[in-house]
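This is final_21.cif (mmCIF, C-alpha atoms).
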```cif
data_coords
loop_
_atom_site.label_atom_id
_atom_site.label_comp_id
_atom_site.auth_asym_id
_atom_site.auth_seq_id
_atom_site.Cartn_x
_atom_site.Cartn_y
_atom_site.Cartn_z
CA MET A 961 -13.31 62.43 44.84
CA SER A 962 -16.50 64.41 45.40
CA TRP A 963 -19.83 62.95 46.43
CA LYS A 964 -21.33 64.05 43.10
CA LEU A 965 -18.84 61.92 41.15
CA PHE A 966 -19.40 58.99 43.49
CA SER A 967 -23.17 59.27 43.08
CA LEU A 968 -22.78 59.22 39.29
CA LEU A 969 -20.70 56.04 39.56
CA LEU A 970 -23.33 54.45 41.78
CA GLU A 971 -26.07 55.39 39.33
CA ALA A 972 -24.12 53.75 36.51
CA ALA A 973 -23.44 50.73 38.74
CA VAL A 974 -27.20 50.28 39.20
CA THR A 975 -27.54 50.16 35.41
CA THR A 976 -24.76 47.56 35.26
CA ALA A 977 -26.43 45.53 38.00
CA TRP A 978 -29.92 45.36 36.52
CA ILE A 979 -28.72 44.73 32.96
CA SER A 980 -26.52 41.91 34.28
CA ALA A 981 -29.28 40.47 36.48
CA ILE A 982 -31.80 40.30 33.65
CA SER A 983 -29.25 38.86 31.24
CA ILE A 984 -28.11 36.21 33.74
CA SER A 985 -31.67 35.11 34.54
CA ALA A 986 -32.85 35.09 30.93
CA GLY A 987 -29.63 33.42 29.78
CA LEU A 988 -30.05 30.59 32.27
CA THR A 989 -33.67 30.05 31.23
CA LEU A 990 -32.84 30.06 27.53
CA GLY A 991 -29.79 27.89 28.21
CA LEU A 992 -32.01 25.25 29.81
CA VAL A 993 -34.21 25.22 26.69
CA ILE A 994 -31.20 24.91 24.40
CA CYS A 995 -29.65 22.20 26.56
CA THR A 996 -32.89 20.21 26.50
CA ALA A 997 -33.10 20.64 22.73
CA GLY A 998 -29.58 19.27 22.43
CA PHE A 999 -30.76 15.95 23.89
CA SER A 1000 -33.71 15.73 21.48
CA ARG A 1001 -34.11 12.58 19.40
CA ARG A 1002 -35.03 14.78 16.46
CA THR A 1003 -31.82 15.32 14.54
CA TRP A 1004 -32.70 18.79 13.29
CA VAL A 1005 -33.57 20.03 16.80
CA ALA A 1006 -30.35 18.70 18.33
CA GLY A 1007 -28.38 20.05 15.36
CA ALA A 1008 -29.92 23.51 15.73
CA ALA A 1009 -28.98 23.53 19.43
CA ARG A 1010 -25.39 22.57 18.66
CA LEU A 1011 -25.19 25.22 15.92
CA TYR A 1012 -26.49 27.86 18.34
CA VAL A 1013 -23.91 26.96 20.97
CA SER A 1014 -21.09 26.86 18.43
CA PHE A 1015 -21.99 30.26 17.01
CA PHE A 1016 -22.38 32.18 20.25
CA ARG A 1017 -19.35 30.56 21.87
CA GLY A 1018 -17.24 31.09 18.76
CA VAL A 1019 -18.02 34.73 17.97
CA PRO A 1020 -16.56 37.41 20.29
CA LEU A 1021 -19.16 39.07 22.50
CA LEU A 1022 -18.21 42.50 21.19
CA VAL A 1023 -19.13 41.39 17.67
CA GLN A 1024 -22.37 39.87 18.97
CA LEU A 1025 -23.32 43.16 20.65
CA LEU A 1026 -22.77 45.14 17.47
CA LEU A 1027 -24.51 42.50 15.36
CA VAL A 1028 -27.64 42.47 17.53
CA TYR A 1029 -27.67 46.26 17.82
CA HIS A 1030 -27.56 46.76 14.04
CA LEU A 1031 -29.68 43.74 13.10
CA LEU A 1032 -32.73 44.58 15.21
CA PRO A 1033 -33.66 47.75 13.23
CA VAL A 1034 -33.30 45.78 9.98
CA LEU A 1035 -35.85 43.33 11.38
CA GLY A 1036 -38.17 46.21 12.21
CA LEU A 1037 -37.50 46.12 15.96
CA ASN A 1038 -36.66 49.61 17.15
CA VAL A 1039 -35.56 49.03 20.73
CA SER A 1040 -33.40 51.00 23.12
CA SER A 1041 -29.69 50.42 23.56
CA ASN A 1042 -30.35 48.85 26.95
CA VAL A 1043 -32.73 46.27 25.47
CA ALA A 1044 -30.33 45.47 22.63
CA ALA A 1045 -27.51 44.99 25.14
CA ILE A 1046 -29.63 42.69 27.30
CA MET A 1047 -30.61 40.62 24.28
CA ALA A 1048 -26.99 40.20 23.19
CA LEU A 1049 -25.77 39.29 26.67
CA THR A 1050 -28.66 36.85 27.09
CA LEU A 1051 -28.02 35.08 23.79
CA CYS A 1052 -24.32 34.76 24.58
CA SER A 1053 -24.83 33.61 28.16
CA ALA A 1054 -27.42 31.03 27.09
CA ALA A 1055 -24.84 29.22 24.96
CA TYR A 1056 -22.43 28.86 27.88
CA GLN A 1057 -25.16 27.97 30.35
CA ALA A 1058 -26.44 25.30 27.95
CA GLU A 1059 -23.03 23.66 28.04
CA ASN A 1060 -22.86 23.98 31.82
CA LEU A 1061 -26.27 22.36 32.17
CA LYS A 1062 -25.36 19.67 29.68
CA GLY A 1063 -22.48 18.67 31.92
CA GLY A 1064 -24.87 18.55 34.86
CA PHE A 1065 -27.38 16.36 33.03
CA LEU A 1066 -24.66 13.95 31.93
CA SER A 1067 -23.46 13.72 35.54
CA VAL A 1068 -26.81 12.55 36.92
CA PRO A 1069 -26.27 9.00 38.28
CA ASN A 1070 -27.89 6.35 36.09
CA GLY A 1071 -29.12 4.62 39.23
CA LEU A 1072 -31.51 7.48 39.98
CA VAL A 1073 -33.00 7.34 36.50
CA GLU A 1074 -33.33 3.55 36.63
CA ALA A 1075 -35.01 3.73 40.03
CA ALA A 1076 -37.50 6.27 38.68
CA GLN A 1077 -38.23 3.97 35.75
CA MET A 1078 -38.83 1.05 38.10
CA VAL A 1079 -41.49 2.95 40.05
CA GLY A 1080 -43.32 3.75 36.82
CA MET A 1081 -42.43 7.40 36.22
CA THR A 1082 -42.90 8.68 32.68
CA SER A 1083 -40.04 10.35 30.79
CA PHE A 1084 -41.41 13.79 31.60
CA GLN A 1085 -41.86 12.92 35.28
CA ARG A 1086 -38.29 11.59 35.47
CA PHE A 1087 -36.99 14.78 33.91
CA ARG A 1088 -39.04 17.12 36.12
CA ARG A 1089 -38.65 15.32 39.43
CA ILE A 1090 -35.26 13.62 39.18
CA VAL A 1091 -32.98 14.64 36.30
CA ALA A 1092 -33.52 18.43 36.19
CA PRO A 1093 -33.31 19.08 39.98
CA VAL A 1094 -30.17 16.94 40.36
CA ALA A 1095 -28.51 18.45 37.28
CA LEU A 1096 -29.20 21.99 38.47
CA ARG A 1097 -27.71 21.22 41.89
CA LEU A 1098 -24.57 19.80 40.27
CA THR A 1099 -24.25 22.82 37.98
CA ILE A 1100 -24.59 25.63 40.55
CA PRO A 1101 -20.82 26.46 40.69
CA ALA A 1102 -20.59 26.68 36.89
CA ILE A 1103 -23.77 28.78 36.74
CA VAL A 1104 -22.34 31.22 39.28
CA ASN A 1105 -19.06 31.46 37.35
CA GLU A 1106 -20.98 32.33 34.19
CA ALA A 1107 -23.00 34.92 36.09
CA VAL A 1108 -19.77 36.60 37.21
CA ALA A 1109 -18.49 36.46 33.63
CA ILE A 1110 -21.62 38.24 32.39
CA LEU A 1111 -21.21 40.91 35.05
CA HIS A 1112 -17.67 41.53 33.79
CA ALA A 1113 -18.78 41.37 30.15
CA SER A 1114 -21.39 44.06 30.80
CA ALA A 1115 -18.54 46.56 30.55
CA LEU A 1116 -18.66 45.99 26.78
CA VAL A 1117 -22.22 47.23 26.33
CA SER A 1118 -20.97 50.81 26.22
CA VAL A 1119 -20.19 50.19 22.53
CA VAL A 1120 -23.93 50.36 21.82
CA GLY A 1121 -24.42 53.50 23.90
CA VAL A 1122 -25.31 52.12 27.33
CA MET A 1123 -24.10 54.32 30.17
CA GLU A 1124 -22.89 51.55 32.48
CA LEU A 1125 -20.19 51.72 35.13
CA THR A 1126 -17.11 51.45 32.93
CA LYS A 1127 -18.33 54.01 30.39
CA MET A 1128 -19.33 56.43 33.13
CA THR A 1129 -15.86 56.06 34.69
CA ARG A 1130 -14.16 56.75 31.36
CA ASP A 1131 -16.31 59.80 30.68
CA LEU A 1132 -15.74 61.23 34.16
CA SER A 1133 -12.01 60.58 33.87
CA ALA A 1134 -11.88 62.51 30.63
CA SER A 1135 -13.74 65.48 32.11
CA THR A 1136 -12.00 65.64 35.50
CA LEU A 1137 -8.54 64.44 34.44
CA GLU A 1138 -8.47 62.27 37.58
CA PRO A 1139 -8.61 58.71 36.24
CA LEU A 1140 -6.88 56.91 39.11
CA PRO A 1141 -9.36 57.56 41.96
CA LEU A 1142 -12.31 57.05 39.63
CA PHE A 1143 -11.12 53.70 38.31
CA LEU A 1144 -10.14 52.59 41.80
CA MET A 1145 -13.67 53.33 42.96
CA ALA A 1146 -15.16 51.59 39.92
CA GLY A 1147 -13.01 48.56 40.68
CA ALA A 1148 -14.23 48.55 44.27
CA ILE A 1149 -17.84 48.66 43.11
CA TYR A 1150 -17.26 45.74 40.73
CA ILE A 1151 -15.67 43.77 43.57
CA ALA A 1152 -18.68 44.48 45.78
CA MET A 1153 -21.06 43.20 43.10
CA ASN A 1154 -18.88 40.12 42.59
CA ILE A 1155 -18.98 39.41 46.32
CA VAL A 1156 -22.77 39.59 46.30
CA LEU A 1157 -22.96 37.14 43.38
CA THR A 1158 -20.46 34.65 44.74
CA THR A 1159 -21.94 34.79 48.24
CA ALA A 1160 -25.41 34.10 46.88
CA GLY A 1161 -23.99 31.25 44.81
CA ALA A 1162 -22.21 29.73 47.80
CA ARG A 1163 -25.38 29.87 49.89
CA ALA A 1164 -27.39 28.27 47.08
CA GLU A 1165 -24.78 25.54 46.75
CA ARG A 1166 -24.97 24.77 50.48
CA LEU A 1167 -28.76 24.91 50.48
CA PHE A 1168 -29.19 22.55 47.51
CA ARG A 1169 -26.21 20.31 48.13
CA LEU A 1170 -26.95 16.66 47.37
CA PRO A 1171 -26.69 14.29 50.33
CA GLY A 1172 -23.33 12.55 50.42
CA THR A 1173 -21.50 15.20 48.35
#
```
Once you've parsed the file, please lay out its structure as structure tokens.
Amino acid sequence: MSWKLFSLLLEAAVTTAWISAISISAGLTLGLVICTAGFSRRTWVAGAARLYVSFFRGVPLLVQLLLVYHLLPVLGLNVSSNVAAIMALTLCSAAYQAENLKGGFLSVPNGLVEAAQMVGMTSFQRFRRIVAPVALRLTIPAIVNEAVAILHASALVSVVGVMELTKMTRDLSASTLEPLPLFLMAGAIYIAMNIVLTTAGARAERLFRLPGT
């Protein structure tokens, strides 16, 4: 395989990487908001959060991508394919991250919350200083798994015209009639990106590990 083909794959891999990175970060942030809403005492807020999670976990991501891509112009939002893809990946990832974070919040020991109450912390202070930090630490492995899933799912964004790694590999295979070396190289690039994600996740897990765990 020539250097020119390899450079084209790397260029497409950069697109895959930054689309995935933005979607992962935004999905985690939105997921935290949705998770918090799910614990709201207001029935309609908690119900809306559950409905959101049910919809985006129940509808295939491919359908979500096409839905967002075609819905945005109807709403008067003329954005690029890259932006539409990021929005769809973010909305989908947020639903899964909300469930991951929910599990983390429910796993926070009651003793910590009770101790915070005894020293006079308000509900917001307990959430900010005790519940949220502990829950995030407990959820790091699940967050990393979802990040890897989004990286893999980014291969689907080609359906809305994004020239990411998988689409570039398919197009080059069709033009060169050499699919095997190209897909082997694409697979190696995906593995490299996975290693970066999982290594970062493992380091974060060690860094923020709770004492006694």
For range 1108-1123 of chain A, list every protein, DNA or RNA residue within 9 Å, evaluated using all atoms listed in the file, and leave out those in the same chain fewer than 6 positions away; present the list as number ranges by chain.
A: 972, 975-977, 979-981, 983-984, 1021-1022, 1025-1026, 1029, 1041-1042, 1044-1046, 1049-1050, 1052-1053, 1150, 1153-1154, 1157-1158
Gap from CA of Leu1125 in chain A to CA of Leu1027 in chain A - Å, one decimal
22.2 Å
Suppose a student applies the PyMOL selection byres ((chain A and resi 969) around 10) to this structure; what residues should they get, written as a list in words?
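Listing what the PyMOL selection byres ((chain A and resi 969) around 10) selects in the shown file: Trp963, Lys964, Leu965, Phe966, Ser967, Leu968, Leu970, Glu971, Ala972, Ala973, Val974, Thr975, Glu1124, Leu1125, Thr1126, Lys1127, Met1128, Thr1129, Leu1132, Leu1142, Phe1143, Met1145, Ala1146 and Ile1149 of chain A.
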Can you work out the spacing between CA of Gly1161 in chain A and CA of Ile982 in chain A in Å, to one decimal?
16.4 Å
For Glu1059 in chain A, the nearest of the candidates A:Glu1074, A:Glu1106, A:Glu1165, A:Asp1131, counting all atoms listed in the file:
A:Glu1106
Would you save range 1017-1093 of chain A to a file, keeping C-alpha atoms, as a CSV table (one decimal), in the first residue's frame?
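File written: part-v6.csv
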```
chain,number,residue,atom,x,y,z
A,1017,ARG,CA,-31.7,3.4,23.8
A,1018,GLY,CA,-34.6,1.9,21.9
A,1019,VAL,CA,-34.1,3.3,18.4
A,1020,PRO,CA,-31.1,2.1,16.4
A,1021,LEU,CA,-28.3,4.6,16.0
A,1022,LEU,CA,-28.5,4.4,12.2
A,1023,VAL,CA,-32.1,5.6,12.4
A,1024,GLN,CA,-31.2,8.3,14.8
A,1025,LEU,CA,-28.4,9.6,12.5
A,1026,LEU,CA,-30.8,9.8,9.6
A,1027,LEU,CA,-33.6,11.3,11.7
A,1028,VAL,CA,-31.3,14.1,13.0
A,1029,TYR,CA,-29.8,14.7,9.6
A,1030,HIS,CA,-33.2,15.2,7.9
A,1031,LEU,CA,-34.9,16.9,10.9
A,1032,LEU,CA,-32.5,19.7,11.4
A,1033,PRO,CA,-33.3,21.4,8.0
A,1034,VAL,CA,-37.0,21.1,8.8
A,1035,LEU,CA,-36.3,23.1,12.0
A,1036,GLY,CA,-34.4,25.7,10.0
A,1037,LEU,CA,-31.0,24.5,11.1
A,1038,ASN,CA,-28.8,24.2,8.1
A,1039,VAL,CA,-25.6,22.5,9.5
A,1040,SER,CA,-22.9,20.5,8.0
A,1041,SER,CA,-22.9,16.7,7.9
A,1042,ASN,CA,-20.2,16.6,10.5
A,1043,VAL,CA,-22.3,18.7,13.0
A,1044,ALA,CA,-25.4,16.6,12.3
A,1045,ALA,CA,-23.3,13.4,13.0
A,1046,ILE,CA,-21.9,14.8,16.2
A,1047,MET,CA,-25.4,15.8,17.4
A,1048,ALA,CA,-26.8,12.4,16.7
A,1049,LEU,CA,-23.9,10.6,18.4
A,1050,THR,CA,-24.1,12.9,21.4
A,1051,LEU,CA,-27.8,12.4,21.9
A,1052,CYS,CA,-27.4,8.7,21.7
A,1053,SER,CA,-24.4,8.5,24.0
A,1054,ALA,CA,-26.1,10.7,26.6
A,1055,ALA,CA,-28.8,8.2,27.1
A,1056,TYR,CA,-26.3,5.4,27.8
A,1057,GLN,CA,-24.1,7.6,30.0
A,1058,ALA,CA,-27.2,8.7,32.0
A,1059,GLU,CA,-27.9,5.1,32.8
A,1060,ASN,CA,-24.2,4.5,33.7
A,1061,LEU,CA,-24.2,7.5,36.0
A,1062,LYS,CA,-27.5,6.5,37.5
A,1063,GLY,CA,-25.9,3.2,38.6
A,1064,GLY,CA,-23.0,5.2,40.1
A,1065,PHE,CA,-25.2,7.5,42.0
A,1066,LEU,CA,-27.2,4.6,43.4
A,1067,SER,CA,-24.0,2.9,44.5
A,1068,VAL,CA,-22.9,5.8,46.7
A,1069,PRO,CA,-22.8,4.5,50.3
A,1070,ASN,CA,-25.6,5.9,52.4
A,1071,GLY,CA,-23.1,6.4,55.2
A,1072,LEU,CA,-21.3,9.1,53.3
A,1073,VAL,CA,-24.5,11.0,52.6
A,1074,GLU,CA,-25.6,10.7,56.2
A,1075,ALA,CA,-22.3,11.9,57.5
A,1076,ALA,CA,-22.5,15.0,55.2
A,1077,GLN,CA,-26.0,15.7,56.6
A,1078,MET,CA,-24.7,15.5,60.1
A,1079,VAL,CA,-22.1,18.1,59.5
A,1080,GLY,CA,-24.7,20.5,58.1
A,1081,MET,CA,-24.2,20.3,54.4
A,1082,THR,CA,-27.1,21.4,52.2
A,1083,SER,CA,-28.5,19.1,49.5
A,1084,PHE,CA,-26.5,20.9,46.8
A,1085,GLN,CA,-23.3,20.8,48.8
A,1086,ARG,CA,-23.8,17.0,49.4
A,1087,PHE,CA,-24.3,16.5,45.7
A,1088,ARG,CA,-21.3,18.6,44.6
A,1089,ARG,CA,-18.8,17.5,47.2
A,1090,ILE,CA,-19.8,14.0,48.0
A,1091,VAL,CA,-22.3,12.3,45.8
A,1092,ALA,CA,-21.2,13.4,42.3
A,1093,PRO,CA,-17.4,12.9,42.8
```
